[in-house]
$ cat input_19.cif   # mmCIF, C-alpha atoms
data_entry
#
loop_
_atom_site.group_PDB
_atom_site.id
_atom_site.type_symbol
_atom_site.label_atom_id
_atom_site.label_comp_id
_atom_site.auth_asym_id
_atom_site.auth_seq_id
_atom_site.Cartn_x
_atom_site.Cartn_y
_atom_site.Cartn_z
ATOM 1 C CA MET A 1 0.000 0.000 0.000
ATOM 2 C CA SER A 2 1.510 3.338 -1.042
ATOM 3 C CA ALA A 3 1.963 5.995 1.590
ATOM 4 C CA GLU A 4 -0.226 9.061 1.385
ATOM 5 C CA PRO A 5 1.711 12.337 0.970
ATOM 6 C CA ASN A 6 1.754 14.485 4.083
ATOM 7 C CA THR A 7 0.218 17.618 2.628
ATOM 8 C CA TYR A 8 0.342 19.401 5.987
ATOM 9 C CA TYR A 9 4.119 19.218 6.272
ATOM 10 C CA ASP A 10 4.560 19.952 2.567
ATOM 11 C CA ARG A 11 2.410 23.056 2.890
ATOM 12 C CA ARG A 12 4.266 24.145 6.013
ATOM 13 C CA GLY A 13 7.597 23.684 4.241
ATOM 14 C CA ILE A 14 6.438 25.826 1.310
ATOM 15 C CA ILE A 15 5.183 28.537 3.650
ATOM 16 C CA GLY A 16 8.464 28.462 5.559
ATOM 17 C CA THR A 17 10.460 28.793 2.342
ATOM 18 C CA LEU A 18 8.305 31.667 1.131
ATOM 19 C CA GLY A 19 8.638 33.385 4.504
ATOM 20 C CA ARG A 20 12.411 33.007 4.489
ATOM 21 C CA ASP A 21 12.670 34.278 0.925
ATOM 22 C CA GLY A 22 10.400 37.190 1.753
ATOM 23 C CA LEU A 23 12.541 38.130 4.757
ATOM 24 C CA ILE A 24 15.677 38.020 2.619
ATOM 25 C CA GLN A 25 14.026 40.255 0.032
ATOM 26 C CA ILE A 26 12.991 42.742 2.710
ATOM 27 C CA ILE A 27 16.551 42.862 4.071
ATOM 28 C CA LEU A 28 17.965 43.382 0.570
ATOM 29 C CA VAL A 29 15.480 46.149 -0.199
ATOM 30 C CA ALA A 30 16.225 47.870 3.121
ATOM 31 C CA ASN A 31 19.954 47.655 2.440
ATOM 32 C CA THR A 32 19.418 49.131 -1.037
ATOM 33 C CA VAL A 33 17.455 52.042 0.406
ATOM 34 C CA ILE A 34 20.155 52.701 3.010
ATOM 35 C CA MET A 35 22.868 52.684 0.334
ATOM 36 C CA LEU A 36 20.961 54.878 -2.124
ATOM 37 C CA ALA A 37 19.672 57.418 0.410
ATOM 38 C CA PRO A 38 22.928 59.462 0.647
ATOM 39 C CA ILE A 39 23.247 59.512 -3.147
ATOM 40 C CA LEU A 40 19.655 60.738 -3.564
ATOM 41 C CA ILE A 41 20.107 63.399 -0.875
ATOM 42 C CA MET A 42 23.258 64.608 -2.648
ATOM 43 C CA LEU A 43 21.445 64.657 -6.006
ATOM 44 C CA PHE A 44 18.424 66.519 -4.637
ATOM 45 C CA SER A 45 20.616 69.042 -2.815
ATOM 46 C CA ALA A 46 22.473 69.813 -6.049
ATOM 47 C CA PHE A 47 19.321 71.500 -7.355
ATOM 48 C CA LYS A 48 18.628 73.530 -4.195
ATOM 49 C CA SER A 49 20.002 76.722 -2.740
ATOM 50 C CA THR A 50 21.746 76.683 0.630
ATOM 51 C CA GLN A 51 18.606 78.114 2.267
ATOM 52 C CA GLN A 52 16.422 75.385 0.752
ATOM 53 C CA ILE A 53 18.835 72.670 1.902
ATOM 54 C CA PHE A 54 18.593 73.770 5.542
ATOM 55 C CA LYS A 55 14.860 74.450 5.330
ATOM 56 C CA SER A 56 13.884 71.175 3.632
ATOM 57 C CA PRO A 57 16.858 68.813 3.447
ATOM 58 C CA PHE A 58 14.757 65.815 2.353
ATOM 59 C CA GLY A 59 12.281 67.646 0.137
ATOM 60 C CA PHE A 60 12.091 67.305 -3.633
ATOM 61 C CA PRO A 61 13.962 70.001 -5.553
ATOM 62 C CA ASP A 62 13.188 71.903 -8.700
ATOM 63 C CA PHE A 63 15.139 69.866 -11.259
ATOM 64 C CA ALA A 64 14.866 72.716 -13.750
ATOM 65 C CA ASN A 65 17.038 74.880 -11.478
ATOM 66 C CA LEU A 66 20.568 74.570 -12.890
ATOM 67 C CA THR A 67 22.023 77.590 -11.085
ATOM 68 C CA ASN A 68 24.419 75.541 -8.991
ATOM 69 C CA PHE A 69 25.772 73.697 -11.998
ATOM 70 C CA THR A 70 26.230 76.977 -13.851
ATOM 71 C CA LYS A 71 28.259 78.356 -10.937
ATOM 72 C CA ILE A 72 30.464 75.262 -10.993
ATOM 73 C CA TRP A 73 31.489 75.914 -14.585
ATOM 74 C CA GLU A 74 31.777 79.695 -14.232
ATOM 75 C CA GLN A 75 33.513 80.076 -10.857
ATOM 76 C CA THR A 76 35.975 77.157 -10.871
ATOM 77 C CA ASN A 77 38.274 75.267 -13.205
ATOM 78 C CA PHE A 78 35.977 72.263 -12.886
ATOM 79 C CA LEU A 79 36.849 70.839 -16.296
ATOM 80 C CA ARG A 80 40.555 71.098 -15.459
ATOM 81 C CA TYR A 81 39.997 69.392 -12.088
ATOM 82 C CA LEU A 82 38.015 66.640 -13.799
ATOM 83 C CA LEU A 83 40.733 66.093 -16.405
ATOM 84 C CA ASN A 84 43.416 65.987 -13.702
ATOM 85 C CA SER A 85 41.461 63.343 -11.790
ATOM 86 C CA PHE A 86 41.102 61.245 -14.929
ATOM 87 C CA VAL A 87 44.823 61.530 -15.702
ATOM 88 C CA VAL A 88 45.971 60.676 -12.179
ATOM 89 C CA THR A 89 43.456 57.869 -11.685
ATOM 90 C CA GLY A 90 43.961 56.388 -15.152
ATOM 91 C CA ALA A 91 47.765 56.426 -14.987
ATOM 92 C CA SER A 92 47.770 55.014 -11.445
ATOM 93 C CA MET A 93 45.361 52.205 -12.331
ATOM 94 C CA ALA A 94 47.363 51.310 -15.446
ATOM 95 C CA LEU A 95 50.560 50.972 -13.418
ATOM 96 C CA ILE A 96 48.800 49.092 -10.613
ATOM 97 C CA LEU A 97 47.247 46.539 -12.955
ATOM 98 C CA ILE A 98 50.323 46.067 -15.155
ATOM 99 C CA LEU A 99 52.892 45.835 -12.370
ATOM 100 C CA GLY A 100 50.564 43.981 -10.013
ATOM 101 C CA THR A 101 49.612 41.427 -12.660
ATOM 102 C CA MET A 102 53.229 40.741 -13.609
ATOM 103 C CA ALA A 103 54.273 40.346 -9.973
ATOM 104 C CA ALA A 104 51.267 38.148 -9.165
ATOM 105 C CA TYR A 105 51.900 35.944 -12.198
ATOM 106 C CA ALA A 106 55.522 35.383 -11.192
ATOM 107 C CA LEU A 107 54.537 34.606 -7.584
ATOM 108 C CA GLY A 108 51.577 32.456 -8.553
ATOM 109 C CA ARG A 109 52.987 30.355 -11.400
ATOM 110 C CA TYR A 110 56.707 29.977 -10.636
ATOM 111 C CA ARG A 111 58.517 28.428 -7.707
ATOM 112 C CA PHE A 112 61.754 30.167 -6.755
ATOM 113 C CA PHE A 113 63.723 30.976 -3.624
ATOM 114 C CA GLY A 114 62.239 33.897 -1.690
ATOM 115 C CA ALA A 115 58.834 33.832 -3.410
ATOM 116 C CA GLY A 116 57.017 33.382 -0.103
ATOM 117 C CA PHE A 117 58.938 36.229 1.501
ATOM 118 C CA ILE A 118 58.165 38.551 -1.421
ATOM 119 C CA LEU A 119 54.465 37.706 -1.215
ATOM 120 C CA MET A 120 54.460 38.345 2.535
ATOM 121 C CA PHE A 121 56.229 41.647 1.884
ATOM 122 C CA PHE A 122 53.371 42.710 -0.380
ATOM 123 C CA ILE A 123 50.755 41.488 2.100
ATOM 124 C CA ALA A 124 52.471 43.478 4.861
ATOM 125 C CA GLY A 125 51.712 46.562 2.809
ATOM 126 C CA LEU A 126 48.013 45.979 3.491
ATOM 127 C CA THR A 127 48.572 46.492 7.213
ATOM 128 C CA LEU A 128 50.513 49.769 6.987
ATOM 129 C CA PRO A 129 48.564 52.922 6.068
ATOM 130 C CA LEU A 130 50.637 54.920 3.610
ATOM 131 C CA LYS A 131 49.551 58.162 5.258
ATOM 132 C CA LEU A 132 51.712 57.340 8.263
ATOM 133 C CA ALA A 133 54.753 57.847 6.030
ATOM 134 C CA ILE A 134 53.669 61.255 4.774
ATOM 135 C CA ILE A 135 56.778 63.078 6.066
ATOM 136 C CA PRO A 136 59.289 60.668 4.464
ATOM 137 C CA LEU A 137 57.168 60.680 1.306
ATOM 138 C CA PHE A 138 57.162 64.474 1.204
ATOM 139 C CA ILE A 139 60.949 64.557 1.596
ATOM 140 C CA LEU A 140 61.334 61.872 -1.081
ATOM 141 C CA MET A 141 59.132 63.731 -3.566
ATOM 142 C CA ARG A 142 60.997 66.951 -2.821
ATOM 143 C CA ASP A 143 64.387 65.309 -3.432
ATOM 144 C CA MET A 144 63.075 63.768 -6.664
ATOM 145 C CA GLY A 145 61.903 67.182 -7.813
ATOM 146 C CA ILE A 146 58.297 66.138 -8.417
ATOM 147 C CA LEU A 147 56.512 68.133 -5.717
ATOM 148 C CA ASN A 148 53.588 70.042 -7.195
ATOM 149 C CA ASN A 149 53.579 67.480 -9.996
ATOM 150 C CA GLN A 150 51.029 64.808 -10.843
ATOM 151 C CA LEU A 151 53.801 62.200 -10.920
ATOM 152 C CA SER A 152 54.021 62.397 -7.140
ATOM 153 C CA LEU A 153 50.356 61.357 -6.852
ATOM 154 C CA ILE A 154 50.707 58.621 -9.462
ATOM 155 C CA PHE A 155 53.706 57.076 -7.696
ATOM 156 C CA VAL A 156 52.023 57.188 -4.284
ATOM 157 C CA TYR A 157 48.743 55.723 -5.551
ATOM 158 C CA THR A 158 50.605 52.969 -7.402
ATOM 159 C CA ALA A 159 52.462 52.012 -4.230
ATOM 160 C CA MET A 160 49.190 52.151 -2.307
ATOM 161 C CA GLY A 161 47.333 49.864 -4.725
ATOM 162 C CA LEU A 162 49.985 47.241 -5.453
ATOM 163 C CA PRO A 163 49.694 45.189 -2.211
ATOM 164 C CA SER A 164 45.979 44.462 -2.555
ATOM 165 C CA THR A 165 46.293 43.819 -6.289
ATOM 166 C CA VAL A 166 49.155 41.343 -5.875
ATOM 167 C CA PHE A 167 47.348 39.616 -3.009
ATOM 168 C CA ILE A 168 44.078 39.229 -4.947
ATOM 169 C CA MET A 169 45.585 38.167 -8.250
ATOM 170 C CA THR A 170 48.189 35.775 -6.834
ATOM 171 C CA GLY A 171 45.505 33.660 -5.197
ATOM 172 C CA PHE A 172 43.404 33.718 -8.361
ATOM 173 C CA ILE A 173 46.299 32.852 -10.676
ATOM 174 C CA ARG A 174 47.278 29.871 -8.513
ATOM 175 C CA THR A 175 43.875 28.297 -9.191
ATOM 176 C CA LEU A 176 44.409 28.158 -12.962
ATOM 177 C CA PRO A 177 45.152 24.646 -14.292
ATOM 178 C CA ASN A 178 48.743 23.888 -15.227
ATOM 179 C CA GLU A 179 47.566 21.956 -18.284
ATOM 180 C CA LEU A 180 46.916 25.229 -20.101
ATOM 181 C CA GLU A 181 50.555 26.246 -19.791
ATOM 182 C CA ASP A 182 51.822 22.802 -20.732
ATOM 183 C CA ALA A 183 49.697 22.720 -23.872
ATOM 184 C CA ALA A 184 50.851 26.207 -24.874
ATOM 185 C CA ARG A 185 54.516 25.302 -24.359
ATOM 186 C CA MET A 186 54.087 22.204 -26.493
ATOM 187 C CA ASP A 187 52.740 24.449 -29.246
ATOM 188 C CA GLY A 188 55.870 26.577 -28.999
ATOM 189 C CA ALA A 189 54.424 29.594 -27.175
ATOM 190 C CA SER A 190 56.868 31.765 -25.240
ATOM 191 C CA GLU A 191 56.431 32.528 -21.538
ATOM 192 C CA ALA A 192 55.365 36.092 -22.329
ATOM 193 C CA ARG A 193 52.750 34.892 -24.830
ATOM 194 C CA ILE A 194 51.437 32.330 -22.352
ATOM 195 C CA MET A 195 50.950 35.052 -19.756
ATOM 196 C CA TRP A 196 49.408 37.761 -21.953
ATOM 197 C CA ALA A 197 47.406 35.688 -24.443
ATOM 198 C CA ILE A 198 46.304 32.670 -22.406
ATOM 199 C CA MET A 199 46.414 33.352 -18.681
ATOM 200 C CA LEU A 200 45.405 37.011 -18.436
ATOM 201 C CA PRO A 201 42.003 36.593 -20.164
ATOM 202 C CA LEU A 202 41.197 33.971 -17.536
ATOM 203 C CA VAL A 203 42.011 36.277 -14.624
ATOM 204 C CA ARG A 204 39.835 39.137 -15.850
ATOM 205 C CA PRO A 205 37.443 38.833 -12.872
ATOM 206 C CA ALA A 206 40.374 39.238 -10.466
ATOM 207 C CA MET A 207 41.639 42.267 -12.408
ATOM 208 C CA VAL A 208 38.174 43.825 -12.215
ATOM 209 C CA ILE A 209 38.048 43.234 -8.449
ATOM 210 C CA ALA A 210 41.450 44.893 -8.064
ATOM 211 C CA ALA A 211 40.355 47.792 -10.250
ATOM 212 C CA ILE A 212 37.125 48.371 -8.308
ATOM 213 C CA GLN A 213 38.959 48.203 -4.990
ATOM 214 C CA ASN A 214 41.536 50.811 -6.034
ATOM 215 C CA VAL A 215 39.812 53.196 -8.427
ATOM 216 C CA VAL A 216 37.310 54.550 -5.890
ATOM 217 C CA PRO A 217 39.803 55.554 -3.133
ATOM 218 C CA ILE A 218 42.185 57.031 -5.730
ATOM 219 C CA TRP A 219 39.440 59.113 -7.345
ATOM 220 C CA ASN A 220 38.080 60.332 -3.996
ATOM 221 C CA ASP A 221 41.404 60.939 -2.259
ATOM 222 C CA PHE A 222 41.864 64.403 -0.777
ATOM 223 C CA PHE A 223 44.833 63.911 1.546
ATOM 224 C CA PHE A 224 47.742 63.360 -0.848
ATOM 225 C CA PRO A 225 46.739 66.070 -3.372
ATOM 226 C CA LEU A 226 46.481 68.490 -0.466
ATOM 227 C CA VAL A 227 50.063 67.686 0.572
ATOM 228 C CA PHE A 228 51.763 67.381 -2.804
ATOM 229 C CA ILE A 229 49.823 69.795 -5.066
ATOM 230 C CA GLN A 230 49.660 73.579 -4.622
ATOM 231 C CA ASN A 231 49.157 74.738 -8.204
ATOM 232 C CA ASP A 232 45.451 75.275 -8.913
ATOM 233 C CA ALA A 233 45.843 74.002 -12.479
ATOM 234 C CA LEU A 234 47.027 70.614 -11.167
ATOM 235 C CA LYS A 235 44.409 70.038 -8.470
ATOM 236 C CA THR A 236 42.116 67.030 -8.591
ATOM 237 C CA LEU A 237 38.351 67.181 -8.046
ATOM 238 C CA PRO A 238 38.217 66.569 -4.262
ATOM 239 C CA GLN A 239 40.802 69.280 -3.698
ATOM 240 C CA GLY A 240 39.320 71.686 -6.240
ATOM 241 C CA LEU A 241 35.823 71.517 -4.746
ATOM 242 C CA THR A 242 37.084 73.051 -1.504
ATOM 243 C CA THR A 243 36.828 76.389 -3.360
ATOM 244 C CA PHE A 244 33.230 76.595 -2.161
ATOM 245 C CA MET A 245 34.076 75.889 1.481
ATOM 246 C CA GLY A 246 35.049 79.036 3.356
ATOM 247 C CA GLU A 247 35.982 79.740 6.949
ATOM 248 C CA TYR A 248 32.627 81.317 7.759
ATOM 249 C CA THR A 249 30.297 80.374 4.904
ATOM 250 C CA THR A 250 29.867 77.447 2.560
ATOM 251 C CA ASP A 251 27.785 77.367 -0.604
ATOM 252 C CA TRP A 252 26.311 73.940 0.032
ATOM 253 C CA GLY A 253 24.146 73.887 -3.079
ATOM 254 C CA VAL A 254 27.090 74.464 -5.403
ATOM 255 C CA LEU A 255 29.222 72.043 -3.383
ATOM 256 C CA PHE A 256 26.601 69.290 -3.737
ATOM 257 C CA ALA A 257 26.387 70.025 -7.462
ATOM 258 C CA GLY A 258 30.135 69.554 -7.732
ATOM 259 C CA LEU A 259 29.972 66.343 -5.719
ATOM 260 C CA THR A 260 27.228 65.041 -7.997
ATOM 261 C CA LEU A 261 29.262 65.755 -11.127
ATOM 262 C CA SER A 262 32.394 64.232 -9.616
ATOM 263 C CA ALA A 263 30.559 61.112 -8.453
ATOM 264 C CA ALA A 264 28.896 60.458 -11.829
ATOM 265 C CA PRO A 265 32.030 59.161 -13.639
ATOM 266 C CA ILE A 266 33.090 56.858 -10.820
ATOM 267 C CA ILE A 267 29.568 55.425 -10.490
ATOM 268 C CA ALA A 268 29.533 54.761 -14.248
ATOM 269 C CA ILE A 269 32.968 53.104 -14.055
ATOM 270 C CA TYR A 270 31.809 50.987 -11.124
ATOM 271 C CA ILE A 271 28.731 49.808 -13.046
ATOM 272 C CA VAL A 272 30.788 48.934 -16.136
ATOM 273 C CA LEU A 273 33.434 47.074 -14.115
ATOM 274 C CA SER A 274 30.764 45.206 -12.156
ATOM 275 C CA ARG A 275 29.212 43.972 -15.396
ATOM 276 C CA GLN A 276 32.628 42.913 -16.656
ATOM 277 C CA PHE A 277 33.217 41.017 -13.420
ATOM 278 C CA ILE A 278 29.903 39.159 -13.670
ATOM 279 C CA SER A 279 30.361 38.347 -17.359
ATOM 280 C CA GLY A 280 33.910 37.141 -16.687
ATOM 281 C CA MET A 281 32.730 34.861 -13.892
ATOM 282 C CA THR A 282 29.919 33.348 -15.972
ATOM 283 C CA SER A 283 32.201 32.948 -18.985
ATOM 284 C CA GLY A 284 34.750 31.116 -16.871
ATOM 285 C CA ALA A 285 32.037 28.889 -15.411
ATOM 286 C CA ILE A 286 30.756 27.915 -18.863
ATOM 287 C CA LYS A 287 34.247 27.164 -20.176
#

$ encode --input "input_19.cif" --output "structure tokens"
Amino acid sequence: MSAEPNTYYDRRGIIGTLGRDGLIQIILVANTVIMLAPILIMLFSAFKSTQQIFKSPFGFPDFANLTNFTKIWEQTNFLRYLLNSFVVTGASMALILILGTMAAYALGRYRFFGAGFILMFFIAGLTLPLKLAIIPLFILMRDMGILNNQLSLIFVYTAMGLPSTVFIMTGFIRTLPNELEDAARMDGASEARIMWAIMLPLVRPAMVIAAIQNVVPIWNDFFFPLVFIQNDALKTLPQGLTTFMGEYTTDWGVLFAGLTLSAAPIIAIYIVLSRQFISGMTSGAIK
């Protein structure tokens, strides 16, 4: 005699699953609201005057009011600041990814004396904030003759981003199968071709992770430009926006407009890199 299905327990299991899924969805929605709230407040404040911001900080603005954005273009070298940020961030990220990838590939694919010590040396860089060495760095940049020069920022940001990049990519590269290298060597491929043409496309997700982790702090950094850059024509966006912050008064509406414009590129870059990361992961899973 066949056993009758226990519809009570089946129904209770379905209800429990739906309840758990619903709770997870509520938590995710709440987290999304918490994360988006500061961005929306910044966006709304960009279209308000300072008086409106203090009177109704959470109210809806008049999106047709572009006065603050007009002041940004007329009263500051905003385009110059934006270009400087792109140059510094782009050059720093290029050096971080190129040097970090080469170092991680050597540490992850080859066995040689001192490899473990070198990897630990890079990892130690994660525990030491570079800002603690600001006085030696200032003296070093002065002796090199690159104070008040964008090279000083590029060198510092490269040194700041290399430890995390090497750490992330070394672990990822070590997971790649050795059979790929062996097959390429049998076909006569050189070591450089194996790295650039075969291995690097497979570590694209790790490169995207390293890029996301480093591009945001470099773009938003205020400390090092404040120390190394005095020329207004060389200032980056975070430093240039302090034009609207005075000792006694601050034009908050214009400042929020500047913050909105400066945040737009990095948000777009983050979205693009996130899509690349997801597509790289799914591509690797299918292959």

$ closest_residue --input "input_19.cif" --among "A:Phe86, A:Trp252, A:Phe121, A:Phe138" --to "Pro265 (chain A)" --atoms "only C-alpha atoms"
A:Phe86

$ residues_around --input "input_19.cif" --residues "Asn214 (chain A)" --least-positions-apart "4" --cutoff "10 Å" --atoms "all atoms listed in the file" --output "mmCIF file with C-alpha atoms, in the frame of the given file"
data_model
loop_
_atom_site.group_PDB
_atom_site.id
_atom_site.type_symbol
_atom_site.label_atom_id
_atom_site.label_comp_id
_atom_site.auth_asym_id
_atom_site.auth_seq_id
_atom_site.Cartn_x
_atom_site.Cartn_y
_atom_site.Cartn_z
ATOM 1 C CA THR A 89 43.456 57.869 -11.685
ATOM 2 C CA SER A 92 47.770 55.014 -11.445
ATOM 3 C CA MET A 93 45.361 52.205 -12.331
ATOM 4 C CA ILE A 96 48.800 49.092 -10.613
ATOM 5 C CA LEU A 97 47.247 46.539 -12.955
ATOM 6 C CA TYR A 157 48.743 55.723 -5.551
ATOM 7 C CA THR A 158 50.605 52.969 -7.402
ATOM 8 C CA MET A 160 49.190 52.151 -2.307
ATOM 9 C CA GLY A 161 47.333 49.864 -4.725
ATOM 10 C CA LEU A 162 49.985 47.241 -5.453
ATOM 11 C CA SER A 164 45.979 44.462 -2.555
ATOM 12 C CA THR A 165 46.293 43.819 -6.289
ATOM 13 C CA VAL A 208 38.174 43.825 -12.215
ATOM 14 C CA ILE A 209 38.048 43.234 -8.449
ATOM 15 C CA ALA A 210 41.450 44.893 -8.064
ATOM 16 C CA ILE A 218 42.185 57.031 -5.730
ATOM 17 C CA TRP A 219 39.440 59.113 -7.345
#

$ residues_around --input "input_19.cif" --residues "region 202-204 of chain A" --least-positions-apart "3" --cutoff "7 Å" --atoms "all atoms listed in the file" --output "MDAnalysis selection string"
chainID A and resid 172:173 199 207:208 280

$ residues_around --input "input_19.cif" --residues "Gly171 (chain A)" --least-positions-apart "6" --cutoff "10 Å" --atoms "all atoms listed in the file" --output "CSV table (one decimal) with C-alpha atoms, keeping the file's coordinate frame"
chain,number,residue,atom,x,y,z
A,104,ALA,CA,51.3,38.1,-9.2
A,105,TYR,CA,51.9,35.9,-12.2
A,107,LEU,CA,54.5,34.6,-7.6
A,108,GLY,CA,51.6,32.5,-8.6
A,206,ALA,CA,40.4,39.2,-10.5

$ residues_around --input "input_19.cif" --residues "Leu237 (chain A)" --least-positions-apart "6" --cutoff "10 Å" --atoms "all atoms listed in the file" --output "list in words"
Asn77, Phe78, Leu79, Arg80, Tyr81, Leu82, Leu83, Asn84, Ser85, Phe86, Trp219, Asn220, Asp221, Phe222, Pro225, Gly258, Leu259, Leu261, Ser262 and Ala263 of chain A
